[in-house]
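Undergrad: entry-v4.pdb is reproduced in full below (PDB, C-alpha atoms).
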```pdb
MODEL        1
ATOM      1  CA  MET R 332       0.514 -14.709 -17.092
ATOM      2  CA  SER R 333       1.294 -12.838 -20.270
ATOM      3  CA  ALA R 334       2.855  -9.417 -19.854
ATOM      4  CA  ASN R 335       0.044  -7.649 -21.723
ATOM      5  CA  ARG R 336      -2.597  -8.885 -19.280
ATOM      6  CA  LEU R 337      -1.103  -6.859 -16.393
ATOM      7  CA  THR R 338      -0.246  -3.179 -16.568
ATOM      8  CA  VAL R 339       0.538  -0.552 -13.948
ATOM      9  CA  ARG R 340      -0.263   3.108 -14.501
ATOM     10  CA  ARG R 341      -0.861   6.332 -12.591
ATOM     11  CA  ALA R 342      -4.376   6.622 -11.125
ATOM     12  CA  VAL R 343      -6.943   8.992 -12.596
ATOM     13  CA  VAL R 344     -10.058  10.533 -11.042
ATOM     14  CA  ALA R 345     -12.268   8.037 -12.905
ATOM     15  CA  ASP R 346     -10.709   5.202 -10.839
ATOM     16  CA  ASP R 347     -12.297   6.503  -7.635
ATOM     17  CA  ASP R 348     -15.292   4.141  -7.435
ATOM     18  CA  VAL R 349     -13.422   0.922  -8.236
ATOM     19  CA  LEU R 350     -10.552   1.810  -5.883
ATOM     20  CA  LEU R 351     -13.049   2.595  -3.126
ATOM     21  CA  ARG R 352     -14.618  -0.863  -3.576
ATOM     22  CA  ILE R 353     -11.196  -2.548  -3.503
ATOM     23  CA  ASP R 354     -10.217  -0.598  -0.393
ATOM     24  CA  GLN R 355     -13.464  -1.394   1.423
ATOM     25  CA  THR R 356     -13.092  -5.137   0.851
ATOM     26  CA  SER R 357      -9.330  -5.574   1.296
ATOM     27  CA  TRP R 358      -8.746  -4.757   4.945
ATOM     28  CA  ASP R 359      -9.676  -6.368   8.229
ATOM     29  CA  ALA R 360      -8.490  -5.933  11.817
ATOM     30  CA  SER R 361      -5.342  -7.985  11.181
ATOM     31  CA  THR R 362      -4.259  -5.865   8.205
ATOM     32  CA  GLY R 363      -5.740  -2.389   8.596
ATOM     33  CA  PHE R 364      -7.505   0.095  10.802
ATOM     34  CA  PRO R 365     -11.260  -0.499  11.145
ATOM     35  CA  SER R 366     -11.861   3.087  12.314
ATOM     36  CA  TYR R 367     -10.196   4.447   9.180
ATOM     37  CA  GLN R 368     -12.357   2.268   6.940
ATOM     38  CA  GLU R 369     -15.453   3.728   8.587
ATOM     39  CA  HIS R 370     -14.440   7.203   7.387
ATOM     40  CA  ILE R 371     -13.628   6.329   3.776
ATOM     41  CA  ARG R 372     -17.092   5.921   2.324
ATOM     42  CA  GLU R 373     -17.587   8.701  -0.218
ATOM     43  CA  SER R 374     -14.321   8.919  -2.140
ATOM     44  CA  PHE R 375     -11.171   6.840  -2.269
ATOM     45  CA  PHE R 376      -9.221   9.981  -3.087
ATOM     46  CA  ALA R 377     -10.407  11.814   0.067
ATOM     47  CA  ARG R 378      -7.068  11.064   1.743
ATOM     48  CA  SER R 379      -4.774  11.801  -1.195
ATOM     49  CA  GLY R 380      -5.334  12.408  -4.880
ATOM     50  CA  PRO R 381      -4.758  10.241  -7.925
ATOM     51  CA  GLU R 382      -1.190  11.531  -8.317
ATOM     52  CA  ALA R 383      -0.169   9.560  -5.214
ATOM     53  CA  HIS R 384      -1.448   6.232  -6.550
ATOM     54  CA  LEU R 385      -0.213   3.563  -8.901
ATOM     55  CA  VAL R 386      -3.007   1.376 -10.250
ATOM     56  CA  ALA R 387      -2.789  -2.184 -11.533
ATOM     57  CA  GLU R 388      -5.018  -3.324 -14.365
ATOM     58  CA  TYR R 389      -5.479  -6.971 -15.255
ATOM     59  CA  ASP R 390      -7.170  -7.628 -18.612
ATOM     60  CA  GLY R 391      -8.211  -3.962 -18.600
ATOM     61  CA  ALA R 392      -9.910  -4.033 -15.196
ATOM     62  CA  VAL R 393      -8.554  -2.107 -12.206
ATOM     63  CA  VAL R 394      -7.567  -4.717  -9.618
ATOM     64  CA  GLY R 395      -5.216  -2.987  -7.189
ATOM     65  CA  TYR R 396      -3.398   0.096  -6.052
ATOM     66  CA  LEU R 397      -0.312   1.301  -4.235
ATOM     67  CA  ARG R 398      -0.171   4.711  -2.526
ATOM     68  CA  LEU R 399       3.364   6.146  -2.801
ATOM     69  CA  GLN R 400       4.175   9.457  -1.147
ATOM     70  CA  ASP R 401       7.018  11.493   0.266
ATOM     71  CA  LYS R 402       7.524  10.282   3.809
ATOM     72  CA  TYR R 403       8.656  13.658   5.100
ATOM     73  CA  THR R 404       7.624  17.213   4.291
ATOM     74  CA  PHE R 405      10.942  18.757   5.358
ATOM     75  CA  PRO R 406      14.132  18.911   3.247
ATOM     76  CA  GLU R 407      16.239  16.708   5.532
ATOM     77  CA  GLY R 408      13.913  13.793   4.765
ATOM     78  CA  ALA R 409      13.998  14.269   1.010
ATOM     79  CA  GLY R 410      14.672  11.063  -0.878
ATOM     80  CA  VAL R 411      12.590   8.828   1.384
ATOM     81  CA  LEU R 412       9.246   7.685   0.045
ATOM     82  CA  THR R 413       6.617   5.689   1.887
ATOM     83  CA  ILE R 414       3.974   3.202   0.859
ATOM     84  CA  ASN R 415       0.778   4.237   2.629
ATOM     85  CA  GLY R 416      -1.369   1.410   1.360
ATOM     86  CA  LEU R 417      -1.254  -1.477  -1.070
ATOM     87  CA  ALA R 418      -4.341  -3.535  -1.871
ATOM     88  CA  VAL R 419      -5.350  -6.071  -4.506
ATOM     89  CA  ALA R 420      -8.941  -7.091  -5.157
ATOM     90  CA  GLN R 421      -9.619 -10.459  -3.547
ATOM     91  CA  GLU R 422     -10.619 -12.091  -6.828
ATOM     92  CA  ALA R 423      -7.340 -11.005  -8.455
ATOM     93  CA  ARG R 424      -4.896 -12.183  -5.805
ATOM     94  CA  GLY R 425      -2.178 -14.699  -6.624
ATOM     95  CA  ARG R 426      -1.451 -13.240 -10.079
ATOM     96  CA  GLY R 427       1.662 -11.215  -9.238
ATOM     97  CA  ILE R 428      -0.223  -7.940  -9.050
ATOM     98  CA  ALA R 429       1.193  -6.786  -5.705
ATOM     99  CA  THR R 430       4.711  -7.581  -6.901
ATOM    100  CA  ALA R 431       4.109  -5.597 -10.100
ATOM    101  CA  LEU R 432       2.936  -2.643  -7.996
ATOM    102  CA  LEU R 433       6.015  -2.872  -5.756
ATOM    103  CA  ASP R 434       8.271  -3.068  -8.832
ATOM    104  CA  ALA R 435       6.550   0.008 -10.290
ATOM    105  CA  ALA R 436       6.968   1.870  -6.978
ATOM    106  CA  ALA R 437      10.691   1.080  -6.936
ATOM    107  CA  ALA R 438      11.028   2.251 -10.550
ATOM    108  CA  GLU R 439       9.132   5.432  -9.713
ATOM    109  CA  GLY R 440      11.336   5.983  -6.675
ATOM    110  CA  ARG R 441      14.470   5.652  -8.768
ATOM    111  CA  LEU R 442      13.103   8.094 -11.354
ATOM    112  CA  LEU R 443      12.432  10.579  -8.562
ATOM    113  CA  GLY R 444      15.952  10.117  -7.196
ATOM    114  CA  ALA R 445      14.738   8.549  -3.948
ATOM    115  CA  ARG R 446      17.174   6.519  -1.885
ATOM    116  CA  LYS R 447      14.644   4.512   0.116
ATOM    117  CA  ILE R 448      11.027   3.357   0.257
ATOM    118  CA  SER R 449       9.637   2.605   3.686
ATOM    119  CA  LEU R 450       6.358   1.240   5.007
ATOM    120  CA  HIS R 451       4.591   0.093   8.145
ATOM    121  CA  VAL R 452       2.807  -3.261   8.295
ATOM    122  CA  HIS R 453       0.826  -4.899  11.087
ATOM    123  CA  SER R 454       2.751  -7.774  12.678
ATOM    124  CA  THR R 455      -0.391  -9.860  12.169
ATOM    125  CA  ASN R 456      -0.327  -9.321   8.397
ATOM    126  CA  THR R 457       2.011 -12.208   7.649
ATOM    127  CA  ALA R 458       1.079 -12.457   3.961
ATOM    128  CA  ALA R 459       2.087  -8.831   3.373
ATOM    129  CA  ARG R 460       5.282  -9.229   5.367
ATOM    130  CA  ARG R 461       6.289 -12.231   3.224
ATOM    131  CA  LEU R 462       5.444 -10.290   0.062
ATOM    132  CA  TYR R 463       7.628  -7.361   1.111
ATOM    133  CA  GLU R 464      10.509  -9.648   2.111
ATOM    134  CA  ARG R 465      10.340 -11.457  -1.266
ATOM    135  CA  ASN R 466      10.634  -8.046  -2.891
ATOM    136  CA  GLY R 467      13.743  -6.970  -0.995
ATOM    137  CA  TYR R 468      12.230  -5.094   1.932
ATOM    138  CA  VAL R 469      13.929  -5.632   5.285
ATOM    139  CA  VAL R 470      12.700  -5.070   8.826
ATOM    140  CA  GLU R 471      14.129  -1.877  10.255
ATOM    141  CA  GLY R 472      12.234  -1.831  13.504
ATOM    142  CA  ILE R 473       9.324  -3.129  15.518
ATOM    143  CA  HIS R 474       7.023  -1.009  17.660
ATOM    144  CA  PRO R 475       5.499  -3.358  20.260
ATOM    145  CA  ASN R 476       1.845  -2.881  21.148
ATOM    146  CA  GLU R 477       1.567   0.073  18.759
ATOM    147  CA  TYR R 478      -2.124  -0.379  17.987
ATOM    148  CA  LEU R 479      -5.130  -1.550  19.966
ATOM    149  CA  ILE R 480      -7.507  -3.136  17.469
ATOM    150  CA  ASP R 481     -10.606  -5.021  18.534
ATOM    151  CA  GLY R 482      -9.198  -5.434  22.045
ATOM    152  CA  THR R 483      -5.851  -6.845  20.908
ATOM    153  CA  TYR R 484      -2.489  -5.081  20.920
ATOM    154  CA  ILE R 485      -0.708  -5.332  17.582
ATOM    155  CA  ASP R 486       2.919  -4.527  16.821
ATOM    156  CA  SER R 487       3.808  -2.226  13.953
ATOM    157  CA  VAL R 488       6.693  -3.447  11.803
ATOM    158  CA  ASP R 489       8.802  -0.909   9.901
ATOM    159  CA  MET R 490      10.211  -2.248   6.642
ATOM    160  CA  ALA R 491      12.201  -0.562   3.895
ATOM    161  CA  LEU R 492      13.798  -1.073   0.516
ATOM    162  CA  THR R 493      17.052   0.714  -0.258
ATOM    163  CA  LEU R 494      17.075   1.874  -3.870
TER     164      LEU R 494
ENDMDL
END
```
As a first step, turn the structure in this file into structure tokens.

TA:
Amino acid sequence: MSANRLTVRRAVVADDDVLLRIDQTSWDASTGFPSYQEHIRESFFARSGPEAHLVAEYDGAVVGYLRLQDKYTFPEGAGVLTINGLAVAQEARGRGIATALLDAAAAEGRLLGARKISLHVHSTNTAARRLYERNGYVVEGIHPNEYLIDGTYIDSVDMALTL
């Protein structure tokens, strides 16, 4: 892959439709929350605006996103960011896009003076867990039976990257 084929930038309002399509086709019961997907139908940015999203473009087409936000709203938690979603369009997977988004999030975190980026991932989402581990994230905790999805209890795994 040549470097000019893949770029990461801040999201803009005009990305809403393509990000909504990516979001609606990227999650299933082993990776996301079906009830949440039912509510996100009108606008991708209904949950949080473009400023919270990094967007990956491959050959000029939007193919993925990463939602990066402050984890805490109180001063004692300053310096800890959280990834509240990372998705790559199915047809664009396997091209290093998720890694580029994670690299951009780490760079953004450093620019903001953050000390840590954390995330939660379903225990059943083994591909994402491997991706995070390859990119330096470590398991900080496991919450057994955290979610009940389609009749099955799923653990939540807390992972983090120290910057």

Undergrad: List the residues matched by the PyMOL selection byres ((chain R and resi 465) around 12) in the displayed structure as a ChimeraX atom specification, ordered by chain and then by residue number.

TA: /R:427,429-430,433-434,458-464,466-469,492

Undergrad: Given the file above and the PyMOL selection byres ((chain R and resi 388) around 12), which residues are selected, and can you give them as a ChimeraX atom specification?

TA: /R:334-342,346,349-350,385-387,389-396,419-420,423,426-429,431-432

Undergrad: Rank R:Leu494, R:Glu471, R:Ser357, R:Ile448 by their smallest atom-to-atom distance to R:Lys402, using all atoms listed in the file, and report the top residue only.

TA: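 Nearest candidate to R:Lys402 out of R:Leu494, R:Glu471, R:Ser357, R:Ile448: R:Ile448.
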
Undergrad: Name every residue that the PyMOL selection byres ((chain R and resi 409) around 12) selects in this structure, writing the answer as a ChimeraX atom specification with chains first and numbers rising.

TA: /R:400-408,410-413,440,443-448

Undergrad: Can you work out which one of R:Gly416, R:Gln355, R:Ser379, R:Phe364 has the shortest atom-to-atom distance to R:Ile485, counting only C-alpha atoms?

TA: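 That would be R:Phe364, the residue with the smallest distance to R:Ile485.
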
Undergrad: Please, what distance in Å, to one decimal, runs between atom CA of R:Leu417 and atom CA of R:Glu477?

TA: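 Separating atom CA of R:Leu417 from atom CA of R:Glu477 is a distance of 20.1 Å.
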
Undergrad: Could you tell me how far atom CA of R:Ala436 sits from atom CA of R:Asp359, in Å to one decimal place?

TA: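 Separating atom CA of R:Asp359 from atom CA of R:Ala436 is a distance of 24.0 Å.
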
Undergrad: Provide the atom CA of R:Leu397 to atom CA of R:Ala383 distance in Å, to one decimal place.

TA: 8.3 Å

Undergrad: Nearest residue to R:Trp358 out of R:Gln421, R:Ser374, R:Asn415, R:Ser454, using all atoms listed in the file?

TA: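 The shortest atom-to-atom distance to R:Trp358 comes from R:Gln421.
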
Undergrad: Report as JSON the centre and the edge lengths, in Å to one decimal, of the axis-aligned box holding every listed atom of stretch 333-350 of chain R, padded by 3 Å on each side.

TA:
```
{"center_x": -6.2, "center_y": -1.2, "center_z": -13.8, "size_x": 24.1, "size_y": 29.4, "size_z": 21.8}
```
